[in-house]
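Have a look at the structure below before the remarks.
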Amino acid sequence: MQNDLFGASEPVGQAESTEVLAKRLRAELNQHGYNYYTLDAPTIPDAEYDKLFKQLQTLEEQYPELKTSDSPTLRVGGAPLPEFSQVQHSVPMLSLNNGFEDEDVFAFDRRAREGLGLTIADTTTEIEYAIDLKFDGLAINLRYVNGVFAQAATRGDGYTGEDVTENIRTIRSIPLRLHTDKPPAILDVRGEVLMFKSDFDRLNQRQRDAGGKEFANPRNAAAGSLRQLDSKITAQRSLRFFAYGIGSLEGAALPASHRELLEWYREMGIPVCEEKANVRGPQELLDFYRQVQDKRSQLSYEIDGVVYKVNRFDLQERLGFVSRAPRFAIAHKFPAEEALTTVLDIEVQVGRTGAITPVARLAPVFVGGVTVTNATLHNEEEIQRKDVRVGDTVIVRRAGDVIPEVVASVLEKRPAQTEIFRLPQACPICGSQIVKPEDEAIARCSGGAIKCAAQRKGALFHFASRKALNIEGLGEQLIEQLVDKNVVVTAADFYKLGLMALAELDRMAEKSAQNVLDALEVSKSTTLPRFIYALGIRHVGESTAKDLALHFADVEALMAANEEQLLRVNDVGPVVAKSIVSYFADALNVELVRQLIASGVNWPKIEKVDLSTAVFAGKTLVLTGTLPSLSREQASALIEKHGGKVSGSVSKKTHFVVAGEDAGSKLLKARELGITVLSEEELLALCAG
Ligand code: IVH
């Protein structure tokens, strides 16, 4: 058992009184709860915990006088309240000034320096700042009286909030009794209640299954869960808490700095976030901001920026407040990932495999750092579930580089007389029937690349794309024109293009046309994996194409393979095998392959590897940093030639990490997980046998 702060290991005598038994069960359950929820290191199986829990519950039912306010049995919620009562904050809960630009951060530092009487020019006395994440949840005050959780209140207007004690009690990671022998008489812990992304996804799945309302984002879900008058509902919602500040404190000395305060909290079992830093001066603030921005999407919870605070409390006090915000702190926000806009129209796009994707045309809106005018609605099922309609006000989300999506409609803002959106029955491009197999989420145009120009364009664009034949300069717009003018029908037609046909297209001239012809010539020398990938066979992505190339070593063998033979290929399952067989069952596709080869498309012969003896057979490797002599592509090719797979991220399934100069977080992760790290030299030696 981890640090025994709960007095759980009292002697278990035969004649243990019910009182001692209740105390022991409480202590044990609190300890296990802390290990599980705060340390993330469970110490007993769930079933065992449930057994102890039930035992304590029964005991407390039998002897109500044994119930205490720190009993974990109270965490399941109590009787519903008629309404929330009001709580006056003894120290107001104020808000922070926001900054967005680097200049705002320099200005904040300048004001702090001025306030402390430091000269602006003197960079040897940079202020020490504590940086925390800015959690995207709800601010809460937790009051502990003599170390026991006594009350929780929302921020409200900053002066008066709502009493949400019973709801907060259900949050398992919040200690009901502080882990200390010398608790302060009064301690107001301030922090944020939030919902982790995974808990949010699970909650929405549950809501969906039950036909209930879904939440637009984890923040709304956290708010909705906390504002329940029935704490039994809150208890089922997996909320979390991170502390970041303090209100009243009586009967204990205040630590000297913000960071020491949070450290004190941690020792007392109060959850604090591990992502943090102490730095000096504004440049280091910005460096950390960028670091956090890079890993934002990998965090388990949502944040909307970082918070900078002058670390020392005596300096904070000297700086004080201006109107309702501190001069010693600022929130440096990230560009918002969500924004409101209206749906002007809903159209459907036809992809290269005929997949029909509904797309919302939006009134332009600035979100995630760019102006967005279109957002995907994924598929028919999604659009029906979300019930997005033309005219609706919607929440649009663009996180990182992910394509923008419509999260939800704001029903309160729906205009009168809107219509439920229905997918068209015919392809808007070629008029063929749109079909949707029972077992698939995606509807498709049944026209195929021959009838449907949209599919043709998609297939041709895929053929020319970077990971396929990589034909530079042959972009979407050019392909669009070539198809519309009927100059190109299949990829084989690319290689029949003449200078004039290209030069007379919009935005083309002789020089650019020649460039395309040169690029086409270059593209003829390719590799078999690229060639297979370029064909655009459904379910055959880059990695499957590589597996197929290695296995069959030539395209004729692949074309002749039946399902049974295909199933023997690494990572090829029945769906993929069927798809490949049906692709080559079409004589037009076989003809395409023959024509491409006849036009000069070629690749180096593949040496078949004997997978039973290859050094990296069945192994996954990750490359990181700059290798002294091999390029990333060369190293990958070498590994693949010796039976290995190259993956982009380090996990428990990684067998080796090959590290060069300036290797970063992947190397750290490898060390953490105890994965063997190879240098280039060692890699070459292993490959050489
Ligand atoms: S410190 C004097 N630290 O942001 C105000 N606030 O605009 C002290 N928030 O209502 C607040 N993460 O809900 C602080 N690490 C953090 C925070 C944080 C989120 C929220 C909080 C507050 C708002 C301030």
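Every chain in the structure tokens has a letter given in the order shown (A, B, ...), and although residue numbers restart at 1 in each chain, ligands are simply numbered from 1 in the order shown.
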Cut-off 7 Å, only C-alpha atoms and all ligand atoms, neighbours of ligand 1 as a list in words: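 Counting only what the definition allows, namely only C-alpha atoms and all ligand atoms, the set is Met93, Leu94, Ser95, Leu96, Asn97, Asp132, Leu133, Lys134, Phe135, Asp136, Gly137, Leu138, Ala139, Gly191, Glu192, Tyr244, Gly245, Val306, Val307, Ala325, Pro326 and Ala331 of chain A.
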Residue set, range 121-273 of chain A restricted to strand (DSSP E or B), as a PyMOL selection string: chain A and resi 128-135+138-145+148-154+160-163+177+186-194+240-250+257
Long-range neighbours of Leu178 in chain A as number ranges by chain, 12 Å cut-off, only C-alpha atoms, 2 positions minimum in chain: A: 5-6, 30-31, 34, 70, 142-150, 173-176, 180-187, 189, 264-271
Output C-alpha atoms for every residue in that selection, as an mmCIF file, in the first residue's frame.
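Final output, saved to out-v6.cif:
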data_model
loop_
_atom_site.group_PDB
_atom_site.id
_atom_site.type_symbol
_atom_site.label_atom_id
_atom_site.label_comp_id
_atom_site.auth_asym_id
_atom_site.auth_seq_id
_atom_site.Cartn_x
_atom_site.Cartn_y
_atom_site.Cartn_z
ATOM 1 C CA LEU A 5 -1.817 8.427 5.554
ATOM 2 C CA PHE A 6 -5.213 7.188 6.446
ATOM 3 C CA ASN A 30 -10.057 6.371 1.178
ATOM 4 C CA GLN A 31 -6.513 5.095 0.711
ATOM 5 C CA TYR A 34 -6.547 8.060 -3.487
ATOM 6 C CA ASP A 70 -15.581 11.955 5.315
ATOM 7 C CA LEU A 142 -13.412 23.870 -1.719
ATOM 8 C CA ARG A 143 -13.560 24.646 1.964
ATOM 9 C CA TYR A 144 -11.791 22.355 4.440
ATOM 10 C CA VAL A 145 -12.532 22.887 8.137
ATOM 11 C CA ASN A 146 -9.957 21.262 10.396
ATOM 12 C CA GLY A 147 -8.875 19.123 7.479
ATOM 13 C CA VAL A 148 -12.342 17.784 6.633
ATOM 14 C CA PHE A 149 -14.125 18.696 3.387
ATOM 15 C CA ALA A 150 -16.980 20.930 4.489
ATOM 16 C CA SER A 173 -10.085 12.406 -6.528
ATOM 17 C CA ILE A 174 -11.060 15.183 -4.123
ATOM 18 C CA PRO A 175 -10.007 14.137 -0.613
ATOM 19 C CA LEU A 176 -12.765 14.210 1.989
ATOM 20 C CA THR A 180 -2.003 15.777 7.262
ATOM 21 C CA ASP A 181 -1.686 15.640 11.051
ATOM 22 C CA LYS A 182 -1.763 19.429 11.295
ATOM 23 C CA PRO A 183 -4.661 20.641 9.160
ATOM 24 C CA PRO A 184 -5.403 24.366 9.005
ATOM 25 C CA ALA A 185 -8.547 25.481 10.856
ATOM 26 C CA ILE A 186 -9.873 26.883 7.564
ATOM 27 C CA LEU A 187 -8.540 26.267 4.070
ATOM 28 C CA VAL A 189 -8.722 25.529 -2.064
ATOM 29 C CA TRP A 264 1.716 21.582 -0.129
ATOM 30 C CA TYR A 265 -1.639 20.716 -1.693
ATOM 31 C CA ARG A 266 -0.117 17.704 -3.392
ATOM 32 C CA GLU A 267 1.256 16.428 -0.091
ATOM 33 C CA MET A 268 -2.194 16.782 1.456
ATOM 34 C CA GLY A 269 -3.718 14.656 -1.308
ATOM 35 C CA ILE A 270 -5.305 17.481 -3.296
ATOM 36 C CA PRO A 271 -4.951 16.910 -7.062
#
Two-atom distance - CA of Pro92 in chain A, CA of Leu261 in chain A (Å): 18.7 Å
Those of range 314-550 of chain A in DSSP alpha helix (DSSP H), formatted as a VMD selection string: chain A and resid 314 to 319 380 to 386 448 to 451 453 to 464 476 to 484 491 to 494 499 to 503 510 to 523 528 to 534 542 to 550
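When only C-alpha atoms are used to compute distances to Thr123 in chain A, the closest of the residues A:Ala670, A:Gln283, A:Thr373, A:Arg227 turns out to be A:Gln283.
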Spatial neighbours of His89 in chain A, 12 Å, only C-alpha atoms, chain gap at least 4 places, as a ChimeraX atom specification: /A:93-94,140-143,151-163,188-190,246-248
Separation of CA of Leu528 in chain A from CA of Leu548 in chain A, in Å and rounded to one decimal: 9.1 Å
